[in-house]
Structures are given as C-alpha cells and as structure tokens.
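Data file: final_6.cif. Format and content: mmCIF, C-alpha atoms.
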data_protein
loop_
_atom_site.label_atom_id
_atom_site.label_comp_id
_atom_site.auth_asym_id
_atom_site.auth_seq_id
_atom_site.Cartn_x
_atom_site.Cartn_y
_atom_site.Cartn_z
CA MET A 1 -8.60 4.34 26.37
CA VAL A 2 -10.82 1.34 25.80
CA GLN A 3 -9.37 -1.92 24.54
CA GLU A 4 -12.41 -4.09 23.85
CA VAL A 5 -13.37 -2.46 20.55
CA SER A 6 -12.47 -4.10 17.26
CA HIS A 7 -10.46 -2.30 14.60
CA PRO A 8 -12.60 -0.61 11.89
CA PHE A 9 -10.91 -2.71 9.20
CA SER A 10 -11.32 -6.02 11.01
CA SER A 11 -14.15 -7.10 8.68
CA TYR A 12 -11.71 -6.90 5.75
CA LEU A 13 -9.23 -9.22 7.44
CA ARG A 14 -9.43 -12.92 8.18
CA SER A 15 -9.60 -12.91 11.96
CA ALA A 16 -8.02 -16.37 12.26
CA MET A 17 -4.88 -15.18 10.44
CA ILE A 18 -4.35 -11.92 12.35
CA PRO A 19 -1.89 -10.90 13.82
CA HIS A 20 0.27 -11.43 10.78
CA ILE A 21 3.81 -12.82 10.77
CA TRP A 22 5.60 -9.84 9.22
CA CYS A 23 8.53 -8.41 11.17
CA SER A 24 8.35 -5.34 13.35
CA GLY A 25 8.97 -2.32 11.11
CA CYS A 26 8.07 -4.17 7.89
CA GLY A 27 6.11 -2.13 5.36
CA ASN A 28 3.93 -4.97 4.07
CA GLY A 29 1.35 -4.32 6.77
CA ILE A 30 1.13 -0.68 5.64
CA VAL A 31 0.53 -1.78 2.03
CA LEU A 32 -2.30 -4.05 3.21
CA ASN A 33 -3.62 -1.28 5.46
CA CYS A 34 -3.72 1.26 2.60
CA PHE A 35 -5.31 -1.28 0.24
CA ILE A 36 -8.07 -2.04 2.75
CA HIS A 37 -8.51 1.68 3.42
CA ALA A 38 -9.04 2.27 -0.32
CA LEU A 39 -11.55 -0.59 -0.49
CA GLU A 40 -13.40 0.80 2.50
CA GLU A 41 -13.63 4.28 1.02
CA LEU A 42 -14.88 2.92 -2.31
CA GLN A 43 -17.34 0.61 -0.47
CA ARG A 44 -16.33 -2.29 -2.69
CA ASP A 45 -18.14 -5.60 -2.45
CA LEU A 46 -15.71 -8.20 -1.12
CA ASP A 47 -17.57 -10.93 -3.04
CA LYS A 48 -16.52 -9.25 -6.29
CA LEU A 49 -12.88 -8.87 -5.33
CA VAL A 50 -10.07 -11.32 -6.00
CA VAL A 51 -6.67 -10.82 -4.39
CA VAL A 52 -3.88 -12.73 -6.10
CA SER A 53 -0.36 -12.88 -4.73
CA GLY A 54 2.81 -14.72 -5.53
CA ILE A 55 5.64 -15.99 -3.38
CA GLY A 56 7.47 -13.82 -0.89
CA CYS A 57 6.73 -12.10 2.37
CA ILE A 58 4.03 -9.92 0.79
CA GLY A 59 2.59 -13.06 -0.83
CA ARG A 60 0.85 -13.75 2.46
CA THR A 61 -1.48 -10.80 1.78
CA ALA A 62 -3.81 -13.15 -0.09
CA GLY A 63 -4.31 -15.09 3.11
CA TYR A 64 -4.95 -12.03 5.23
CA ALA A 65 -7.45 -10.21 3.01
CA ASN A 66 -11.00 -11.43 3.62
CA ALA A 67 -11.76 -11.69 -0.10
CA ASP A 68 -11.55 -14.51 -2.61
CA SER A 69 -7.84 -15.03 -2.90
CA PHE A 70 -5.15 -17.01 -4.64
CA HIS A 71 -1.68 -17.68 -3.31
CA THR A 72 -0.01 -18.72 -6.52
CA THR A 73 3.26 -20.29 -7.63
CA HIS A 74 6.42 -18.21 -7.82
CA GLY A 75 6.22 -15.43 -10.40
CA ARG A 76 2.88 -16.53 -11.85
CA ALA A 77 0.58 -14.19 -9.95
CA ILE A 78 -0.22 -12.12 -13.06
CA ALA A 79 -0.74 -15.27 -15.14
CA PHE A 80 -3.33 -16.54 -12.63
CA ALA A 81 -4.92 -13.10 -12.41
CA THR A 82 -5.21 -12.94 -16.22
CA GLY A 83 -7.13 -16.22 -16.18
CA VAL A 84 -9.48 -15.00 -13.46
CA LYS A 85 -10.13 -11.71 -15.22
CA LEU A 86 -10.79 -13.29 -18.63
CA ALA A 87 -13.08 -15.99 -17.22
CA ASN A 88 -15.18 -13.47 -15.32
CA PRO A 89 -14.63 -9.81 -16.28
CA GLU A 90 -17.10 -8.73 -13.57
CA LEU A 91 -14.52 -9.44 -10.89
CA GLU A 92 -12.04 -6.87 -9.64
CA VAL A 93 -8.66 -8.60 -9.75
CA VAL A 94 -5.82 -7.16 -7.71
CA VAL A 95 -2.31 -8.62 -7.70
CA ILE A 96 -0.32 -7.77 -4.57
CA SER A 97 3.18 -9.15 -4.80
CA GLY A 98 6.83 -8.35 -4.37
CA ASP A 99 9.57 -7.10 -6.64
CA GLY A 100 11.36 -10.44 -6.82
CA ASP A 101 8.17 -12.26 -7.71
CA LEU A 102 6.84 -9.78 -10.26
CA PHE A 103 10.06 -8.64 -11.92
CA ALA A 104 12.61 -11.43 -11.59
CA ILE A 105 10.86 -14.73 -12.26
CA GLY A 106 7.59 -13.12 -13.36
CA GLY A 107 9.04 -10.28 -15.44
CA ASN A 108 7.76 -11.61 -18.73
CA HIS A 109 4.21 -12.03 -17.43
CA PHE A 110 4.31 -8.46 -16.24
CA ILE A 111 5.43 -6.81 -19.46
CA HIS A 112 3.01 -8.82 -21.59
CA ALA A 113 0.07 -8.20 -19.30
CA ALA A 114 0.90 -4.47 -19.53
CA ARG A 115 1.25 -4.69 -23.32
CA ARG A 116 -2.13 -6.43 -23.74
CA ASN A 117 -3.70 -4.02 -21.25
CA ILE A 118 -5.49 -6.66 -19.22
CA GLY A 119 -7.65 -5.10 -16.53
CA VAL A 120 -5.56 -6.41 -13.67
CA LYS A 121 -4.38 -4.03 -10.94
CA VAL A 122 -0.86 -4.65 -9.71
CA ILE A 123 0.55 -3.41 -6.39
CA CYS A 124 4.24 -4.19 -6.05
CA ALA A 125 5.92 -3.90 -2.65
CA ASN A 126 9.55 -3.15 -3.46
CA ASN A 127 11.92 -3.95 -0.59
CA PHE A 128 15.10 -4.05 -2.76
CA ASN A 129 15.99 -7.71 -2.10
CA TYR A 130 14.70 -11.27 -1.63
CA GLY A 131 13.63 -10.81 1.97
CA MET A 132 12.00 -14.18 2.65
CA THR A 133 14.96 -16.30 1.54
CA GLY A 134 17.61 -14.40 3.48
CA GLY A 135 18.31 -11.18 1.62
CA GLN A 136 19.87 -12.11 -1.71
CA GLN A 137 20.50 -9.45 -4.33
CA GLY A 138 17.51 -9.04 -6.65
CA PRO A 139 16.52 -7.13 -9.78
CA THR A 140 15.74 -3.94 -7.83
CA THR A 141 18.74 -3.80 -5.47
CA PRO A 142 20.26 -0.32 -5.86
CA LEU A 143 23.87 0.08 -6.95
CA GLU A 144 26.41 -0.25 -4.12
CA ALA A 145 23.84 -1.70 -1.72
CA SER A 146 25.08 -4.52 0.45
CA THR A 147 23.16 -7.82 0.54
CA THR A 148 24.07 -11.41 1.47
CA THR A 149 25.14 -12.20 -2.10
CA THR A 150 26.78 -8.81 -2.72
CA PRO A 151 28.77 -8.26 0.50
CA TYR A 152 31.15 -5.78 -1.18
CA GLY A 153 28.36 -3.75 -2.78
CA ASN A 154 26.02 -4.42 -5.68
CA ILE A 155 27.46 -3.81 -9.16
CA GLU A 156 24.33 -4.67 -11.17
CA HIS A 157 22.14 -1.86 -12.44
CA PRO A 158 18.63 -2.20 -11.00
CA PHE A 159 15.30 -2.10 -12.81
CA ASN A 160 13.45 1.20 -12.79
CA LEU A 161 10.01 -0.33 -12.25
CA VAL A 162 7.89 2.69 -13.11
CA HIS A 163 9.80 3.22 -16.35
CA LEU A 164 9.41 -0.45 -17.22
CA ALA A 165 5.66 -0.36 -16.57
CA ALA A 166 5.17 2.90 -18.48
CA ALA A 167 7.20 1.65 -21.45
CA ALA A 168 5.32 -1.65 -21.53
CA GLY A 169 2.02 0.24 -21.85
CA ALA A 170 0.38 0.39 -18.43
CA THR A 171 -2.49 2.89 -18.24
CA TYR A 172 -1.76 4.00 -14.69
CA VAL A 173 1.69 4.08 -13.11
CA ALA A 174 2.55 5.50 -9.70
CA ARG A 175 5.23 5.12 -7.09
CA TRP A 176 4.94 5.91 -3.38
CA THR A 177 6.79 4.92 -0.26
CA THR A 178 5.12 3.45 2.81
CA LEU A 179 5.48 6.86 4.44
CA HIS A 180 3.08 8.44 1.90
CA VAL A 181 0.08 6.56 3.26
CA ARG A 182 -2.57 9.11 2.26
CA ARG A 183 -1.31 9.52 -1.30
CA LEU A 184 -0.83 5.77 -1.62
CA THR A 185 -4.44 5.20 -0.54
CA GLN A 186 -5.65 7.79 -3.06
CA SER A 187 -3.51 6.18 -5.75
CA ILE A 188 -4.96 2.74 -5.04
CA LYS A 189 -8.46 4.24 -5.12
CA ARG A 190 -7.78 5.85 -8.49
CA MET A 191 -6.30 2.61 -9.77
CA LEU A 192 -9.33 0.56 -8.72
CA GLN A 193 -11.62 2.90 -10.66
CA LYS A 194 -9.70 2.48 -13.93
CA GLU A 195 -10.30 -0.08 -16.64
CA GLY A 196 -6.94 -1.24 -17.98
CA PHE A 197 -3.66 -2.47 -16.57
CA CYS A 198 -2.53 -0.36 -13.61
CA PHE A 199 0.65 -0.48 -11.60
CA VAL A 200 1.55 1.03 -8.23
CA GLU A 201 5.01 0.54 -6.82
CA VAL A 202 5.35 0.89 -3.06
CA ILE A 203 8.84 1.33 -1.65
CA SER A 204 8.67 -0.72 1.51
CA PRO A 205 11.10 -0.91 4.44
CA CYS A 206 12.78 -4.25 5.15
CA PRO A 207 14.79 -3.44 8.29
CA GLU A 208 15.55 -7.00 9.41
CA ILE A 209 17.07 -8.23 6.15
CA PHE A 210 17.97 -5.30 3.88
CA GLY A 211 18.24 -2.47 6.37
CA ARG A 212 20.65 -4.04 8.83
CA ARG A 213 23.22 -4.61 6.07
CA ASN A 214 22.84 -1.00 4.93
CA LYS A 215 23.11 0.86 8.24
CA MET A 216 19.37 1.11 8.81
CA ARG A 217 18.61 -1.39 11.55
CA THR A 218 15.04 -0.38 12.39
CA GLY A 219 11.92 0.36 10.40
CA LEU A 220 12.02 3.90 11.73
CA GLU A 221 15.48 4.50 10.27
CA MET A 222 14.31 3.22 6.89
CA MET A 223 11.23 5.46 7.06
CA GLU A 224 13.53 8.38 7.93
CA TRP A 225 15.53 7.55 4.80
CA PHE A 226 12.30 7.68 2.74
CA ARG A 227 11.39 11.01 4.30
CA ARG A 228 14.86 12.43 3.61
CA ALA A 229 15.30 11.08 0.08
CA SER A 230 11.83 11.14 -1.45
CA SER A 231 10.50 14.03 -3.46
CA VAL A 232 7.01 14.22 -4.95
CA GLU A 233 6.84 15.12 -8.62
CA ASN A 234 3.62 14.17 -10.38
CA PHE A 235 3.73 13.31 -14.08
CA SER A 236 7.48 13.64 -14.40
CA ASP A 237 9.52 11.54 -16.83
CA PRO A 238 9.61 7.95 -15.50
CA SER A 239 12.93 7.27 -17.25
CA LYS A 240 14.61 9.71 -14.85
CA ALA A 241 13.03 8.20 -11.73
CA GLU A 242 15.84 5.90 -10.74
CA ILE A 243 16.18 5.07 -7.06
CA THR A 244 19.44 5.95 -5.39
CA SER A 245 20.32 6.34 -1.73
CA LYS A 246 20.11 10.12 -2.17
CA ARG A 247 16.91 10.43 -4.16
CA ILE A 248 13.62 8.54 -4.47
CA LEU A 249 11.30 10.24 -6.95
CA VAL A 250 7.67 9.47 -6.09
CA GLY A 251 4.36 10.47 -7.60
CA GLU A 252 2.00 9.51 -10.37
CA PHE A 253 3.78 9.02 -13.66
CA VAL A 254 1.18 7.86 -16.18
CA ASN A 255 -2.60 8.18 -16.23
CA VAL A 256 -4.10 7.46 -19.66
CA GLU A 257 -7.21 5.71 -20.97
CA LYS A 258 -7.03 2.66 -23.22
CA VAL A 259 -9.48 -0.10 -24.13
CA SER A 260 -8.81 -3.18 -22.05
CA TYR A 261 -8.01 -6.62 -23.43
CA GLU A 262 -10.95 -8.42 -21.83
CA ARG A 263 -13.45 -5.98 -23.32
CA LEU A 264 -11.96 -6.41 -26.81
CA LEU A 265 -11.89 -10.18 -26.33
CA HIS A 266 -15.53 -10.47 -25.31
CA GLU A 267 -16.59 -8.08 -28.11
CA LYS A 268 -14.75 -10.28 -30.57
CA ILE A 269 -16.34 -13.44 -29.18
CA GLY A 270 -19.75 -11.77 -29.50
CA GLN A 271 -19.10 -10.80 -33.11
CA ILE A 272 -17.98 -14.33 -33.99
CA ASN A 273 -21.04 -15.84 -32.31
CA GLU A 274 -23.34 -13.50 -34.26
CA LYS A 275 -21.45 -14.53 -37.40
CA LYS A 276 -20.48 -10.96 -38.19
CA ILE A 277 -16.94 -12.15 -38.82
CA VAL A 278 -16.51 -14.88 -41.41
CA TRP A 279 -13.20 -16.23 -42.57
CA MET B 1 -10.09 9.36 5.63
CA PRO B 2 -11.69 10.60 8.83
CA GLU B 3 -15.09 12.22 8.48
CA ARG B 4 -14.03 15.59 9.83
CA ILE B 5 -11.38 16.30 7.17
CA ARG B 6 -13.59 15.26 4.26
CA HIS B 7 -15.56 18.48 4.33
CA ALA B 8 -14.16 21.99 4.51
CA PRO B 9 -14.63 23.60 7.91
CA LEU B 10 -14.32 27.23 6.76
CA GLY B 11 -17.89 27.59 5.49
CA ASN B 12 -19.40 26.31 8.70
CA LYS B 13 -20.90 28.67 11.28
CA LYS B 14 -20.07 26.32 14.10
CA VAL B 15 -16.81 24.54 14.68
CA LYS B 16 -16.59 21.32 16.60
CA GLN B 17 -13.69 20.87 18.93
CA PRO B 18 -12.02 17.58 18.04
CA ASN B 19 -12.86 15.10 20.72
CA ALA B 20 -10.76 12.05 20.10
CA GLU B 21 -10.76 8.59 21.57
CA VAL B 22 -7.56 6.68 20.78
CA HIS B 23 -7.83 2.91 20.93
CA ILE B 24 -4.69 0.80 21.18
CA ILE B 25 -4.94 -2.97 20.80
CA THR B 26 -1.83 -3.56 22.88
CA ASP B 27 -1.29 -7.25 22.23
CA GLN B 28 -1.24 -6.80 18.44
CA CYS B 29 1.50 -4.16 18.58
CA LYS B 30 4.98 -5.16 17.45
CA GLY B 31 6.65 -2.02 18.72
CA CYS B 32 7.84 -0.55 15.43
CA GLY B 33 7.24 2.97 16.77
CA PHE B 34 5.82 4.46 13.56
CA CYS B 35 2.74 5.88 15.32
CA ILE B 36 4.83 7.51 18.05
CA LYS B 37 7.34 9.00 15.63
CA PHE B 38 4.94 10.28 12.96
CA CYS B 39 2.15 11.65 15.17
CA PRO B 40 2.05 15.38 14.31
CA LYS B 41 0.83 16.36 17.79
CA LYS B 42 2.97 13.92 19.79
CA VAL B 43 -0.02 12.33 21.48
CA LEU B 44 1.70 8.98 21.98
CA GLU B 45 4.82 7.78 23.72
CA GLU B 46 6.44 4.42 24.36
CA SER B 47 5.15 2.78 27.52
CA GLN B 48 7.16 0.84 30.09
CA GLU B 49 4.89 -2.21 30.11
CA ILE B 50 5.65 -5.27 28.00
CA ASN B 51 2.86 -6.82 25.95
CA ALA B 52 2.24 -10.43 24.84
CA ARG B 53 4.76 -10.05 22.02
CA GLY B 54 7.52 -8.82 24.29
CA VAL B 55 7.68 -5.23 23.07
CA HIS B 56 6.73 -1.84 24.49
CA PRO B 57 3.42 -0.72 22.97
CA PRO B 58 2.59 3.00 22.77
CA LYS B 59 0.61 4.72 25.47
CA ILE B 60 -1.38 7.91 25.36
CA LEU B 61 0.34 11.02 26.65
CA ASP B 62 -2.46 13.53 26.15
CA GLU B 63 -5.62 12.47 24.33
CA SER B 64 -7.00 16.03 24.22
CA LYS B 65 -4.17 17.09 21.87
CA CYS B 66 -5.29 14.61 19.18
CA ILE B 67 -6.68 16.26 16.06
CA ILE B 68 -7.98 12.98 14.53
CA CYS B 69 -5.76 13.08 11.49
CA SER B 70 -5.74 9.26 11.74
CA PHE B 71 -2.21 9.02 10.43
CA CYS B 72 -1.44 6.48 13.16
CA THR B 73 -4.31 4.28 11.92
CA ALA B 74 -3.02 4.48 8.36
CA VAL B 75 0.65 3.93 9.14
CA CYS B 76 0.24 1.06 11.62
CA PRO B 77 1.33 -2.16 9.89
CA ASP B 78 -0.31 -4.34 12.56
CA PHE B 79 -3.84 -2.86 12.73
CA ALA B 80 -3.21 -2.14 16.39
CA ILE B 81 -4.28 1.50 16.74
CA PHE B 82 -7.28 3.51 15.62
CA VAL B 83 -8.96 6.76 16.50
CA VAL B 84 -12.67 7.45 16.72
CA GLU B 85 -14.37 10.77 17.19
CA LYS B 86 -16.41 11.01 20.35
CA PRO B 87 -19.79 12.69 20.06
CA CYS B 88 -19.57 16.13 21.66
CA LYS B 89 -22.45 18.11 23.07
CA GLU B 90 -21.29 21.70 22.96
CA GLU B 91 -20.42 23.40 19.69
CA ARG B 92 -18.36 26.54 19.76
CA HIS B 93 -19.70 29.52 17.79
CA ILE B 94 -17.18 31.44 15.72
CA LYS B 95 -17.61 34.83 14.17
CA HIS B 96 -17.00 35.24 10.48
CA ASP B 97 -15.92 38.78 9.50
#

Write-out of the structure in structure tokens:
Amino acid sequence: MVQEVSHPFSSYLRSAMIPHIWCSGCGNGIVLNCFIHALEELQRDLDKLVVVSGIGCIGRTAGYANADSFHTTHGRAIAFATGVKLANPELEVVVISGDGDLFAIGGNHFIHAARRNIGVKVICANNFNYGMTGGQQGPTTPLEASTTTTPYGNIEHPFNLVHLAAAAGATYVARWTTLHVRRLTQSIKRMLQKEGFCFVEVISPCPEIFGRRNKMRTGLEMMEWFRRASSVENFSDPSKAEITSKRILVGEFVNVEKVSYERLLHEKIGQINEKKIVW
Amino acid sequence: MPERIRHAPLGNKKVKQPNAEVHIITDQCKGCGFCIKFCPKKVLEESQEINARGVHPPKILDESKCIICSFCTAVCPDFAIFVVEKPCKEERHIKHD
C-alpha cells in the first residue's frame, strides 16, 4: 500500500475544494464519481464542458468538477443551461441537480426543456426529501415515509420522475440507484453521446436526514435497501415504475432520436439570414 | 472500466494473473464502509486506526485476492480508494482444448 499517489480522477476535480462536504454515506459523491468516470472513458475535453447545478447538497457538484461551471439560483439550473446551450451549441451542457431543485421549484423549466428537446443533459440525484434544509417533505417523498414535516407519514402521492420525463418528450430516460455504479456510468456515457434532451435519475442515499427517520441510519443500510428493492427491467413502461419501499424499478426506459431545438433554431436563423424565408 | 475487463480473456493464449495494488488515501475517507461491504472478494476490512476525520478507514486484508474489478473505486463517494494493476513479469500459459 502506497499513499503518496494521486487519485486517477484528481485532474477532473478542483483540488482546492476536495475533500467535499457531503456526509458520510451520502450518494452525491458516487454520482460525481460516475459522471467523472464517464467523462474519462469518453476522453471529453474539459474546456468544452459546462456543469450547471442548482441549489441543494448536490448543487455543490458545480464547484467540485474542474470544468466551466455555474452554481445557479434555486430551480433555474435548466434555464441557465438552456441559455448556455443556445449561445454556444458546441458546448456540452450537463445539469447535475437534486429532485427538489429540478422538480419542485424548477418543474416547469424541466418539462418545457424536455418538450422543446434542448440538448441539455440532466442528472437528477433523488434523495426523497429536502436534505440541505433539514429534511422537509418534497415532491418525490414516497407515500408513508416519515420526514420532519410529515412526522406521521407522508400522504401526498410522489412524482414518478421517469414517467414525467418520458411523457414530456425526453429522448433518453433512465433510472439507476447509486449501487448500480457500472450501469449508471454506462448510462451517463450513452447520454453524453446523444443529441437531444436526456434525463438520468439516480436514487441516492441520504442517511443523515431521510434515512434516520425511516429506520435506515447509515448509508450502508440505505444501499442494502436499494439492493433488496431494486430490479432491473430495461425498456419497461415508465408509468408503472413508481418507487415504493418494496420495489424500485431501475433501467433504461426511453432511447429515441429526435432533432434538437438548438439545431432547428440555428438552421432557422441561417435561413432567415439567407433570406430564404420572407414574411 | 479497468483495462483488463475491457477485452475478452478467452481468446488469449496467455492469461495474466491479476496483480493488484490497492491505494487508500486514508485522510479523505469518511468511513461509510461501502468499499468494505461491496468488495466481491472481501479484500478490505475496517481498521482500528483513526484518521484525520475521526473515522476508521479501511485497511487491506489480502491484496493478492483482489481481482481489479475496481468496484471500490467506482462506489467510493470520497475519491479515497483506487486500484492499479502492477506490471507482472511471468505470464501463465494455458492450454485450449
């Protein structure tokens, strides 16, 4: 065992920011790890990559990735990313954010970005609650789960994120847990090679805030829950992929090809400039 | 993905014994225990020492058992463990029927 060797991914991380502040057992580090692994395998140029993130624990990813990055206002990560992508379509724009940021306050941005098919890649770390602010119930909290604002059990039906993304028109939709690191890395690789709007949901453990109120005090216990409950079914019906304590359906759900918004936009601008369109 | 599982070993005349070198950056570890729990060959175990963050980092039980699947590298949230393949001199010949 030798200690004085740097980690193979250290060039993809900002050395001044590492080690990160995420709790022991948190899955956000695994999401970042898999993302960097996918970048490394694709040999992507970090000068052509933009990482955009919103508010929340996972929002700090933008600061840790050694690429051009935005840490945006709450819920507006996709709105910022849309601007970046339309201004310079050469750039690879990846949004890494949480479920509260993308689907509660930023829900409208998400569905309209998916409808327009903007070439923005979205990775959503779903930890079932608002972890950073103390564990309030959020749009993805499963039924009967206990949080600080639902101490007797949640009675609101949660969003099924993959169904939402597929129905809104995303060209690539997948869901994995942080235990499926290999498949998650492959999914992110596949997503980065596609043109249109892509969405990967990562079920992430939050032992300190969500887990301890739901009888899973450590990250290991949450990962054991993922191992017990998850079943891989590729290209199954996303409307039946609801998350319960007994069953987490994971896999790829949608993989289709569609012309992206920024390509259509720049074609249209070209046609107008050449005066092919007159009105 | 590690280099040795990218290509299929069955067509090869010679098979390399995996010769792993596990690196643990002890002071970055937060002691979540994912690498210890999910190692398929049980190469790691929790050590008794306490690192700069006040947790017990993993220690190597038997490095020769490691098959370089690199699951620990992929599952570590803190970028604190990685495996490299040591160059090996001898290659074992196997007979194909």

Which residues, written as a PDB file with C-alpha atoms, in the frame of the given file, have at least one atom at most 6 Å from A:Asn117, with all atoms listed in the file counted and residues fewer than 5 positions away on the same chain left out?
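The resulting selection_19.pdb:
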ATOM      1  CA  GLY A 196      -6.940  -1.240 -17.980  1.00  0.00           C
ATOM      2  CA  PHE A 197      -3.660  -2.470 -16.570  1.00  0.00           C
ATOM      3  CA  SER A 260      -8.810  -3.180 -22.050  1.00  0.00           C
ATOM      4  CA  TYR A 261      -8.010  -6.620 -23.430  1.00  0.00           C
TER       5      TYR A 261
END

Expected answer as number ranges by chain: chain B residues within 6 Å of chain A, all atoms listed in the file: B: 23, 25, 30, 32, 75, 77

For stretch 84-87 of chain A, find every residue with an atom within 9 Å (counting all atoms listed in the file), except residues of its own chain fewer than 3 positions away, and show them as a ChimeraX atom specification. /A:50,79-81,90-93,118-120,261-262,265-266

Apply the PyMOL selection byres ((chain A and resi 64) around 9) to the file shown and report the selected residues as a short mmCIF file (atom, residue, chain, number, x, y, z; two decimals) with C-alpha atoms, in the coordinates of the input.
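Output saved as expr_5.cif:
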data_model
loop_
_atom_site.label_atom_id
_atom_site.label_comp_id
_atom_site.auth_asym_id
_atom_site.auth_seq_id
_atom_site.Cartn_x
_atom_site.Cartn_y
_atom_site.Cartn_z
CA TYR A 12 -11.71 -6.90 5.75
CA LEU A 13 -9.23 -9.22 7.44
CA ARG A 14 -9.43 -12.92 8.18
CA SER A 15 -9.60 -12.91 11.96
CA ALA A 16 -8.02 -16.37 12.26
CA MET A 17 -4.88 -15.18 10.44
CA ILE A 18 -4.35 -11.92 12.35
CA HIS A 20 0.27 -11.43 10.78
CA LEU A 32 -2.30 -4.05 3.21
CA ARG A 60 0.85 -13.75 2.46
CA THR A 61 -1.48 -10.80 1.78
CA ALA A 62 -3.81 -13.15 -0.09
CA GLY A 63 -4.31 -15.09 3.11
CA ALA A 65 -7.45 -10.21 3.01
CA ASN A 66 -11.00 -11.43 3.62
CA ALA A 67 -11.76 -11.69 -0.10
#

Between atom CA of A:Gly107 and atom CA of A:Gly75, what distance in Å does the model show, to one decimal? 7.7 Å

Using Å and a single decimal, report how far atom CA of A:Pro205 sits from atom CA of B:Asn51. 23.8 Å

What gap, in Å, lies between atom CA of B:Lys59 and atom CA of A:Glu221?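 Computing it gives 21.3 Å between the two atoms.
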
Dump as number ranges by chain all residues having an atom at most 7 Å from (-0.3, 11.7, 25.0), computed in the file's coordinates with only C-alpha atoms. B: 42-45, 60-63
